[in-house]
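Reproduced below: entry.cif, with mmCIF, C-alpha atoms.
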data_upload
loop_
_atom_site.group_PDB
_atom_site.id
_atom_site.type_symbol
_atom_site.label_atom_id
_atom_site.label_comp_id
_atom_site.auth_asym_id
_atom_site.auth_seq_id
_atom_site.Cartn_x
_atom_site.Cartn_y
_atom_site.Cartn_z
ATOM 1 C CA MET A 1 0.000 0.000 0.000
ATOM 2 C CA HIS A 2 1.377 3.458 -0.943
ATOM 3 C CA ASP A 3 1.801 6.268 1.596
ATOM 4 C CA ILE A 4 -1.072 8.258 0.074
ATOM 5 C CA ASP A 5 -3.367 5.234 0.209
ATOM 6 C CA ARG A 6 -2.429 4.714 3.860
ATOM 7 C CA ALA A 7 -3.139 8.371 4.636
ATOM 8 C CA VAL A 8 -6.579 8.188 3.017
ATOM 9 C CA VAL A 9 -7.433 5.024 4.957
ATOM 10 C CA LYS A 10 -6.165 6.460 8.248
ATOM 11 C CA LEU A 11 -7.608 9.970 7.954
ATOM 12 C CA GLY A 12 -10.669 9.294 5.835
ATOM 13 C CA ILE A 13 -11.997 11.728 3.243
ATOM 14 C CA ASN A 14 -13.002 14.333 5.860
ATOM 15 C CA GLY A 15 -9.593 14.135 7.491
ATOM 16 C CA ILE A 16 -7.920 14.690 4.124
ATOM 17 C CA ARG A 17 -10.183 17.704 3.506
ATOM 18 C CA LEU A 18 -9.134 19.208 6.869
ATOM 19 C CA VAL A 19 -5.426 18.649 6.216
ATOM 20 C CA LEU A 20 -5.621 20.116 2.698
ATOM 21 C CA SER A 21 -7.573 23.151 3.918
ATOM 22 C CA ALA A 22 -4.989 23.851 6.590
ATOM 23 C CA ALA A 23 -2.133 23.344 4.106
ATOM 24 C CA VAL A 24 -3.664 25.864 1.696
ATOM 25 C CA MET A 25 -4.363 28.457 4.402
ATOM 26 C CA GLN A 26 -1.102 28.263 6.381
ATOM 27 C CA PRO A 27 1.077 30.195 3.906
ATOM 28 C CA ILE A 28 -1.602 32.885 3.591
ATOM 29 C CA ILE A 29 -1.950 33.334 7.338
ATOM 30 C CA GLN A 30 1.736 33.012 8.220
ATOM 31 C CA ARG A 31 2.935 35.680 5.814
ATOM 32 C CA ASP A 32 6.130 37.349 6.921
ATOM 33 C CA ALA A 33 5.273 40.600 8.619
ATOM 34 C CA ALA A 34 7.699 43.461 8.415
ATOM 35 C CA TYR A 35 7.505 44.155 12.158
ATOM 36 C CA SER A 36 6.652 40.903 13.847
ATOM 37 C CA MET A 37 7.614 37.429 12.734
ATOM 38 C CA GLN A 38 5.585 36.006 15.638
ATOM 39 C CA THR A 39 2.342 37.679 14.579
ATOM 40 C CA GLY A 40 1.806 35.285 11.681
ATOM 41 C CA GLN A 41 2.480 32.291 13.928
ATOM 42 C CA ARG A 42 0.065 33.527 16.598
ATOM 43 C CA LEU A 43 -2.640 34.192 14.005
ATOM 44 C CA TRP A 44 -2.082 30.747 12.467
ATOM 45 C CA PHE A 45 -2.321 28.997 15.823
ATOM 46 C CA HIS A 46 -5.504 30.918 16.704
ATOM 47 C CA ALA A 47 -7.000 29.998 13.313
ATOM 48 C CA MET A 48 -6.206 26.324 13.902
ATOM 49 C CA GLU A 49 -7.615 26.444 17.464
ATOM 50 C CA CYS A 50 -10.788 28.095 16.237
ATOM 51 C CA ALA A 51 -11.154 25.650 13.326
ATOM 52 C CA VAL A 52 -10.800 22.598 15.588
ATOM 53 C CA THR A 53 -13.198 24.069 18.162
ATOM 54 C CA CYS A 54 -15.756 24.917 15.459
ATOM 55 C CA ALA A 55 -15.564 21.408 13.969
ATOM 56 C CA SER A 56 -15.949 19.633 17.340
ATOM 57 C CA THR A 57 -18.852 21.873 18.313
ATOM 58 C CA ALA A 58 -20.562 21.410 14.930
ATOM 59 C CA GLN A 59 -20.325 17.647 15.227
ATOM 60 C CA GLU A 60 -22.012 17.743 18.645
ATOM 61 C CA ARG A 61 -24.757 20.009 17.267
ATOM 62 C CA GLY A 62 -25.442 17.926 14.173
ATOM 63 C CA LEU A 63 -23.935 20.386 11.683
ATOM 64 C CA GLU A 64 -21.325 19.733 9.013
ATOM 65 C CA PRO A 65 -17.912 19.663 10.799
ATOM 66 C CA PHE A 66 -15.926 20.503 7.646
ATOM 67 C CA LYS A 67 -17.923 23.681 7.002
ATOM 68 C CA ALA A 68 -17.456 24.709 10.619
ATOM 69 C CA TYR A 69 -13.732 23.915 10.420
ATOM 70 C CA LEU A 70 -13.401 26.052 7.294
ATOM 71 C CA VAL A 71 -15.248 29.031 8.804
ATOM 72 C CA GLY A 72 -12.999 28.847 11.886
ATOM 73 C CA LEU A 73 -9.891 28.615 9.730
ATOM 74 C CA VAL A 74 -10.668 31.705 7.613
ATOM 75 C CA HIS A 75 -12.568 33.916 10.072
ATOM 76 C CA ASP A 76 -9.577 36.211 10.754
ATOM 77 C CA ILE A 77 -8.351 36.516 7.170
ATOM 78 C CA GLY A 78 -9.300 40.217 7.284
ATOM 79 C CA LYS A 79 -7.088 40.752 10.332
ATOM 80 C CA ILE A 80 -4.194 39.025 8.590
ATOM 81 C CA THR A 81 -4.666 41.026 5.399
ATOM 82 C CA LEU A 82 -4.936 44.349 7.233
ATOM 83 C CA PHE A 83 -1.880 43.642 9.378
ATOM 84 C CA SER A 84 0.167 42.746 6.317
ATOM 85 C CA GLU A 85 -0.927 45.831 4.376
ATOM 86 C CA LEU A 86 -0.494 48.208 7.319
ATOM 87 C CA SER A 87 2.998 46.803 7.903
ATOM 88 C CA LYS A 88 3.907 47.388 4.261
ATOM 89 C CA GLN A 89 2.550 50.939 4.291
ATOM 90 C CA PHE A 90 4.259 51.787 7.559
ATOM 91 C CA LYS A 91 7.563 50.537 6.215
ATOM 92 C CA LEU A 92 7.165 52.507 2.976
ATOM 93 C CA ASN A 93 6.134 55.750 4.666
ATOM 94 C CA SER A 94 8.290 55.947 7.775
ATOM 95 C CA GLU A 95 11.850 55.954 8.891
ATOM 96 C CA ASN A 96 13.425 53.010 10.685
ATOM 97 C CA ILE A 97 10.896 53.087 13.502
ATOM 98 C CA ILE A 98 9.230 49.932 14.750
ATOM 99 C CA PRO A 99 5.574 50.726 15.476
ATOM 100 C CA GLU A 100 3.912 49.653 18.697
ATOM 101 C CA SER A 101 0.689 47.659 18.642
ATOM 102 C CA ASN A 102 -1.431 50.797 19.070
ATOM 103 C CA ALA A 103 -0.393 51.756 15.534
ATOM 104 C CA PHE A 104 -2.341 48.767 14.173
ATOM 105 C CA VAL A 105 -4.848 47.506 16.738
ATOM 106 C CA PRO A 106 -7.578 50.204 16.525
ATOM 107 C CA ILE A 107 -7.943 50.043 12.749
ATOM 108 C CA MET A 108 -7.753 46.227 12.744
ATOM 109 C CA GLN A 109 -10.473 45.950 15.392
ATOM 110 C CA LEU A 110 -12.667 48.302 13.413
ATOM 111 C CA LEU A 111 -12.175 46.883 9.918
ATOM 112 C CA ALA A 112 -11.082 43.226 10.248
ATOM 113 C CA PRO A 113 -14.505 41.519 10.583
ATOM 114 C CA ALA A 114 -15.953 43.279 7.522
ATOM 115 C CA THR A 115 -12.732 42.706 5.569
ATOM 116 C CA SER A 116 -12.911 38.985 6.400
ATOM 117 C CA TYR A 117 -16.457 38.908 5.047
ATOM 118 C CA TRP A 118 -15.545 40.630 1.777
ATOM 119 C CA ILE A 119 -12.548 38.348 1.240
ATOM 120 C CA THR A 120 -14.586 35.180 1.832
ATOM 121 C CA ARG A 121 -17.261 36.461 -0.549
ATOM 122 C CA ASP A 122 -14.570 37.178 -3.129
ATOM 123 C CA TRP A 123 -13.277 33.607 -2.652
ATOM 124 C CA GLU A 124 -16.854 32.419 -3.265
ATOM 125 C CA LEU A 125 -17.069 30.353 -0.099
ATOM 126 C CA PRO A 126 -20.512 28.842 0.571
ATOM 127 C CA THR A 127 -23.154 31.467 1.368
ATOM 128 C CA GLU A 128 -23.817 30.121 4.864
ATOM 129 C CA LEU A 129 -20.115 30.469 5.755
ATOM 130 C CA CYS A 130 -19.935 34.017 4.367
ATOM 131 C CA LYS A 131 -23.053 34.810 6.389
ATOM 132 C CA ALA A 132 -21.475 33.353 9.553
ATOM 133 C CA ILE A 133 -18.439 35.591 9.076
ATOM 134 C CA ALA A 134 -20.602 38.638 8.255
ATOM 135 C CA GLU A 135 -22.524 38.111 11.495
ATOM 136 C CA GLN A 136 -19.300 38.557 13.478
ATOM 137 C CA VAL A 137 -19.184 42.243 12.471
ATOM 138 C CA SER A 138 -21.660 43.249 15.155
ATOM 139 C CA VAL A 139 -22.615 40.133 17.125
ATOM 140 C CA ASN A 140 -23.196 40.223 20.879
ATOM 141 C CA PRO A 141 -23.847 37.387 23.336
ATOM 142 C CA GLY A 142 -27.495 36.341 23.080
ATOM 143 C CA ASP A 143 -28.069 37.698 19.551
ATOM 144 C CA LYS A 144 -30.077 35.446 17.224
ATOM 145 C CA ILE A 145 -27.703 34.423 14.434
ATOM 146 C CA SER A 146 -27.206 31.485 12.067
ATOM 147 C CA PRO A 147 -25.998 28.123 13.435
ATOM 148 C CA TYR A 148 -22.527 28.496 11.893
ATOM 149 C CA GLY A 149 -22.358 32.129 13.035
ATOM 150 C CA ALA A 150 -23.150 31.025 16.597
ATOM 151 C CA ILE A 151 -20.532 28.267 16.484
ATOM 152 C CA LEU A 152 -17.900 30.699 15.206
ATOM 153 C CA PHE A 153 -18.720 33.319 17.851
ATOM 154 C CA GLU A 154 -18.693 30.776 20.687
ATOM 155 C CA ALA A 155 -15.581 28.957 19.433
ATOM 156 C CA ASN A 156 -13.690 32.239 19.176
ATOM 157 C CA LEU A 157 -14.627 33.079 22.780
ATOM 158 C CA ALA A 158 -13.620 29.578 23.889
ATOM 159 C CA CYS A 159 -10.210 29.954 22.210
ATOM 160 C CA GLU A 160 -9.668 33.348 23.834
ATOM 161 C CA THR A 161 -10.637 31.780 27.177
ATOM 162 C CA TYR A 162 -8.155 28.959 26.556
ATOM 163 C CA VAL A 163 -5.306 31.438 26.041
ATOM 164 C CA ALA A 164 -6.195 34.213 28.488
ATOM 165 C CA ILE A 165 -8.120 32.659 31.390
ATOM 166 C CA ARG A 166 -7.331 28.945 31.570
ATOM 167 C CA PRO A 167 -3.651 29.352 32.577
ATOM 168 C CA LYS A 168 -4.757 31.438 35.589
ATOM 169 C CA ASP A 169 -8.112 29.894 36.550
ATOM 170 C CA THR A 170 -9.027 26.491 35.135
ATOM 171 C CA VAL A 171 -12.311 26.309 37.050
ATOM 172 C CA LEU A 172 -13.560 29.612 35.619
ATOM 173 C CA ALA A 173 -12.346 28.658 32.132
ATOM 174 C CA GLN A 174 -14.172 25.313 32.288
ATOM 175 C CA ALA A 175 -17.340 27.064 33.506
ATOM 176 C CA LEU A 176 -17.179 29.482 30.555
ATOM 177 C CA LEU A 177 -16.734 26.543 28.201
ATOM 178 C CA ALA A 178 -19.880 24.919 29.610
ATOM 179 C CA GLU A 179 -21.817 28.184 29.339
ATOM 180 C CA LEU A 180 -20.850 28.472 25.674
ATOM 181 C CA HIS A 181 -22.059 24.889 25.066
ATOM 182 C CA ILE A 182 -18.659 23.882 23.712
ATOM 183 C CA PRO A 183 -17.626 20.214 24.155
ATOM 184 C CA THR A 184 -16.254 19.725 27.661
ATOM 185 C CA ASN A 185 -13.036 18.094 26.416
ATOM 186 C CA MET A 186 -12.197 21.030 24.120
ATOM 187 C CA PHE A 187 -9.275 22.330 26.191
ATOM 188 C CA THR A 188 -7.722 18.850 26.112
ATOM 189 C CA GLU A 189 -8.054 18.831 22.312
ATOM 190 C CA LEU A 190 -6.443 22.277 22.144
ATOM 191 C CA ASP A 191 -3.597 21.078 24.385
ATOM 192 C CA GLU A 192 -2.987 18.235 21.909
ATOM 193 C CA LEU A 193 -3.120 20.680 19.004
ATOM 194 C CA SER A 194 -0.532 22.958 20.646
ATOM 195 C CA ARG A 195 1.856 19.999 20.923
ATOM 196 C CA GLU A 196 1.375 19.174 17.221
ATOM 197 C CA VAL A 197 1.620 22.674 15.741
#
How does this structure look as C-alpha coordinates?
Amino acid sequence: MHDIDRAVVKLGINGIRLVLSAAVMQPIIQRDAAYSMQTGQRLWFHAMECAVTCASTAQERGLEPFKAYLVGLVHDIGKITLFSELSKQFKLNSENIIPESNAFVPIMQLLAPATSYWITRDWELPTELCKAIAEQVSVNPGDKISPYGAILFEANLACETYVAIRPKDTVLAQALLAELHIPTNMFTELDELSREV
(Lines of atoms letter the chains of each structure in order from A and count residues from 1; the text may use other names and numbers.)
(Lines give C-alpha, C1' and ligand atoms only; values in the text may rest on other atoms or scores of the structure.)
Protein backbone atom coordinates (compact mmCIF):
# COMPACT_ATOMS: atom_id res chain seq x y z
CA MET A 1 0.00 0.00 0.00
CA HIS A 2 1.38 3.46 -0.94
CA ASP A 3 1.80 6.27 1.60
CA ILE A 4 -1.07 8.26 0.07
CA ASP A 5 -3.37 5.23 0.21
CA ARG A 6 -2.43 4.71 3.86
CA ALA A 7 -3.14 8.37 4.64
CA VAL A 8 -6.58 8.19 3.02
CA VAL A 9 -7.43 5.02 4.96
CA LYS A 10 -6.17 6.46 8.25
CA LEU A 11 -7.61 9.97 7.95
CA GLY A 12 -10.67 9.29 5.84
CA ILE A 13 -12.00 11.73 3.24
CA ASN A 14 -13.00 14.33 5.86
CA GLY A 15 -9.59 14.14 7.49
CA ILE A 16 -7.92 14.69 4.12
CA ARG A 17 -10.18 17.70 3.51
CA LEU A 18 -9.13 19.21 6.87
CA VAL A 19 -5.43 18.65 6.22
CA LEU A 20 -5.62 20.12 2.70
CA SER A 21 -7.57 23.15 3.92
CA ALA A 22 -4.99 23.85 6.59
CA ALA A 23 -2.13 23.34 4.11
CA VAL A 24 -3.66 25.86 1.70
CA MET A 25 -4.36 28.46 4.40
CA GLN A 26 -1.10 28.26 6.38
CA PRO A 27 1.08 30.20 3.91
CA ILE A 28 -1.60 32.89 3.59
CA ILE A 29 -1.95 33.33 7.34
CA GLN A 30 1.74 33.01 8.22
CA ARG A 31 2.93 35.68 5.81
CA ASP A 32 6.13 37.35 6.92
CA ALA A 33 5.27 40.60 8.62
CA ALA A 34 7.70 43.46 8.41
CA TYR A 35 7.50 44.15 12.16
CA SER A 36 6.65 40.90 13.85
CA MET A 37 7.61 37.43 12.73
CA GLN A 38 5.59 36.01 15.64
CA THR A 39 2.34 37.68 14.58
CA GLY A 40 1.81 35.28 11.68
CA GLN A 41 2.48 32.29 13.93
CA ARG A 42 0.07 33.53 16.60
CA LEU A 43 -2.64 34.19 14.01
CA TRP A 44 -2.08 30.75 12.47
CA PHE A 45 -2.32 29.00 15.82
CA HIS A 46 -5.50 30.92 16.70
CA ALA A 47 -7.00 30.00 13.31
CA MET A 48 -6.21 26.32 13.90
CA GLU A 49 -7.61 26.44 17.46
CA CYS A 50 -10.79 28.10 16.24
CA ALA A 51 -11.15 25.65 13.33
CA VAL A 52 -10.80 22.60 15.59
CA THR A 53 -13.20 24.07 18.16
CA CYS A 54 -15.76 24.92 15.46
CA ALA A 55 -15.56 21.41 13.97
CA SER A 56 -15.95 19.63 17.34
CA THR A 57 -18.85 21.87 18.31
CA ALA A 58 -20.56 21.41 14.93
CA GLN A 59 -20.32 17.65 15.23
CA GLU A 60 -22.01 17.74 18.64
CA ARG A 61 -24.76 20.01 17.27
CA GLY A 62 -25.44 17.93 14.17
CA LEU A 63 -23.94 20.39 11.68
CA GLU A 64 -21.32 19.73 9.01
CA PRO A 65 -17.91 19.66 10.80
CA PHE A 66 -15.93 20.50 7.65
CA LYS A 67 -17.92 23.68 7.00
CA ALA A 68 -17.46 24.71 10.62
CA TYR A 69 -13.73 23.92 10.42
CA LEU A 70 -13.40 26.05 7.29
CA VAL A 71 -15.25 29.03 8.80
CA GLY A 72 -13.00 28.85 11.89
CA LEU A 73 -9.89 28.62 9.73
CA VAL A 74 -10.67 31.70 7.61
CA HIS A 75 -12.57 33.92 10.07
CA ASP A 76 -9.58 36.21 10.75
CA ILE A 77 -8.35 36.52 7.17
CA GLY A 78 -9.30 40.22 7.28
CA LYS A 79 -7.09 40.75 10.33
CA ILE A 80 -4.19 39.02 8.59
CA THR A 81 -4.67 41.03 5.40
CA LEU A 82 -4.94 44.35 7.23
CA PHE A 83 -1.88 43.64 9.38
CA SER A 84 0.17 42.75 6.32
CA GLU A 85 -0.93 45.83 4.38
CA LEU A 86 -0.49 48.21 7.32
CA SER A 87 3.00 46.80 7.90
CA LYS A 88 3.91 47.39 4.26
CA GLN A 89 2.55 50.94 4.29
CA PHE A 90 4.26 51.79 7.56
CA LYS A 91 7.56 50.54 6.21
CA LEU A 92 7.17 52.51 2.98
CA ASN A 93 6.13 55.75 4.67
CA SER A 94 8.29 55.95 7.77
CA GLU A 95 11.85 55.95 8.89
CA ASN A 96 13.42 53.01 10.69
CA ILE A 97 10.90 53.09 13.50
CA ILE A 98 9.23 49.93 14.75
CA PRO A 99 5.57 50.73 15.48
CA GLU A 100 3.91 49.65 18.70
CA SER A 101 0.69 47.66 18.64
CA ASN A 102 -1.43 50.80 19.07
CA ALA A 103 -0.39 51.76 15.53
CA PHE A 104 -2.34 48.77 14.17
CA VAL A 105 -4.85 47.51 16.74
CA PRO A 106 -7.58 50.20 16.52
CA ILE A 107 -7.94 50.04 12.75
CA MET A 108 -7.75 46.23 12.74
CA GLN A 109 -10.47 45.95 15.39
CA LEU A 110 -12.67 48.30 13.41
CA LEU A 111 -12.18 46.88 9.92
CA ALA A 112 -11.08 43.23 10.25
CA PRO A 113 -14.50 41.52 10.58
CA ALA A 114 -15.95 43.28 7.52
CA THR A 115 -12.73 42.71 5.57
CA SER A 116 -12.91 38.98 6.40
CA TYR A 117 -16.46 38.91 5.05
CA TRP A 118 -15.54 40.63 1.78
CA ILE A 119 -12.55 38.35 1.24
CA THR A 120 -14.59 35.18 1.83
CA ARG A 121 -17.26 36.46 -0.55
CA ASP A 122 -14.57 37.18 -3.13
CA TRP A 123 -13.28 33.61 -2.65
CA GLU A 124 -16.85 32.42 -3.26
CA LEU A 125 -17.07 30.35 -0.10
CA PRO A 126 -20.51 28.84 0.57
CA THR A 127 -23.15 31.47 1.37
CA GLU A 128 -23.82 30.12 4.86
CA LEU A 129 -20.11 30.47 5.75
CA CYS A 130 -19.93 34.02 4.37
CA LYS A 131 -23.05 34.81 6.39
CA ALA A 132 -21.47 33.35 9.55
CA ILE A 133 -18.44 35.59 9.08
CA ALA A 134 -20.60 38.64 8.26
CA GLU A 135 -22.52 38.11 11.49
CA GLN A 136 -19.30 38.56 13.48
CA VAL A 137 -19.18 42.24 12.47
CA SER A 138 -21.66 43.25 15.16
CA VAL A 139 -22.61 40.13 17.13
CA ASN A 140 -23.20 40.22 20.88
CA PRO A 141 -23.85 37.39 23.34
CA GLY A 142 -27.49 36.34 23.08
CA ASP A 143 -28.07 37.70 19.55
CA LYS A 144 -30.08 35.45 17.22
CA ILE A 145 -27.70 34.42 14.43
CA SER A 146 -27.21 31.48 12.07
CA PRO A 147 -26.00 28.12 13.44
CA TYR A 148 -22.53 28.50 11.89
CA GLY A 149 -22.36 32.13 13.03
CA ALA A 150 -23.15 31.02 16.60
CA ILE A 151 -20.53 28.27 16.48
CA LEU A 152 -17.90 30.70 15.21
CA PHE A 153 -18.72 33.32 17.85
CA GLU A 154 -18.69 30.78 20.69
CA ALA A 155 -15.58 28.96 19.43
CA ASN A 156 -13.69 32.24 19.18
CA LEU A 157 -14.63 33.08 22.78
CA ALA A 158 -13.62 29.58 23.89
CA CYS A 159 -10.21 29.95 22.21
CA GLU A 160 -9.67 33.35 23.83
CA THR A 161 -10.64 31.78 27.18
CA TYR A 162 -8.15 28.96 26.56
CA VAL A 163 -5.31 31.44 26.04
CA ALA A 164 -6.20 34.21 28.49
CA ILE A 165 -8.12 32.66 31.39
CA ARG A 166 -7.33 28.95 31.57
CA PRO A 167 -3.65 29.35 32.58
CA LYS A 168 -4.76 31.44 35.59
CA ASP A 169 -8.11 29.89 36.55
CA THR A 170 -9.03 26.49 35.14
CA VAL A 171 -12.31 26.31 37.05
CA LEU A 172 -13.56 29.61 35.62
CA ALA A 173 -12.35 28.66 32.13
CA GLN A 174 -14.17 25.31 32.29
CA ALA A 175 -17.34 27.06 33.51
CA LEU A 176 -17.18 29.48 30.55
CA LEU A 177 -16.73 26.54 28.20
CA ALA A 178 -19.88 24.92 29.61
CA GLU A 179 -21.82 28.18 29.34
CA LEU A 180 -20.85 28.47 25.67
CA HIS A 181 -22.06 24.89 25.07
CA ILE A 182 -18.66 23.88 23.71
CA PRO A 183 -17.63 20.21 24.16
CA THR A 184 -16.25 19.73 27.66
CA ASN A 185 -13.04 18.09 26.42
CA MET A 186 -12.20 21.03 24.12
CA PHE A 187 -9.28 22.33 26.19
CA THR A 188 -7.72 18.85 26.11
CA GLU A 189 -8.05 18.83 22.31
CA LEU A 190 -6.44 22.28 22.14
CA ASP A 191 -3.60 21.08 24.38
CA GLU A 192 -2.99 18.24 21.91
CA LEU A 193 -3.12 20.68 19.00
CA SER A 194 -0.53 22.96 20.65
CA ARG A 195 1.86 20.00 20.92
CA GLU A 196 1.38 19.17 17.22
CA VAL A 197 1.62 22.67 15.74
Between CA of Ser116 in chain A and CA of Cys54 in chain A, distance in Å (one decimal):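 Computing it gives 17.0 Å between the two atoms.
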Protein, DNA and RNA residues within 12 Å of (-25.2, 25.7, 16.7), all atoms listed in the file, as a count of residues only: 30
Counting only C-alpha atoms, the option among A:Ala114, A:Leu43, A:Ile133, A:Cys50 closest to Leu157 in chain A: A:Cys50
Given only C-alpha atoms as the counted atoms, nearest of A:Val139, A:Asn156, A:Met108, A:Val163 to Gly72 in chain A: A:Asn156
Neighbour list for range 166-173 of chain A as an MDAnalysis selection string, cut-off 12 Å, only C-alpha atoms, skip fewer than 5 positions in-chain: chainID A and resid 157:161 178:180 182 184 186:188 190:191
Selected residue of minimal separation from Glu85 in chain A among A:Val71, A:Ile107, A:Ala51, A:Ile165, counting all atoms listed in the file: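 Among the listed residues, the smallest separation from Glu85 in chain A belongs to A:Ile107.
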CA of Asp76 in chain A to CA of Pro106 in chain A, distance in Å rounded to a single decimal: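 Pair CA of Asp76 in chain A / CA of Pro106 in chain A returns 15.3 Å.
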CA of Ala112 in chain A to CA of Gln89 in chain A, straight-line distance in Å: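 According to the coordinates, CA of Gln89 in chain A and CA of Ala112 in chain A are separated by 16.8 Å.
Restricting the calculation to all atoms listed in the file, the smallest distance between Gln41 in chain A and any of A:Lys91, A:Ile80, A:Gln174, A:Leu125 is found for A:Ile80.
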Which residue of A:Gly78, A:Phe104, A:Thr53, A:Arg195 approaches Phe90 in chain A most closely, using only C-alpha atoms: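 So, comparing all the options, the nearest one is A:Phe104.
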Counting all atoms listed in the file, the residue of A:Lys88, A:Arg121, A:His46, A:His75 that sits nearest Val137 in chain A: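 Smallest separation from Val137 in chain A among the options: A:His75.
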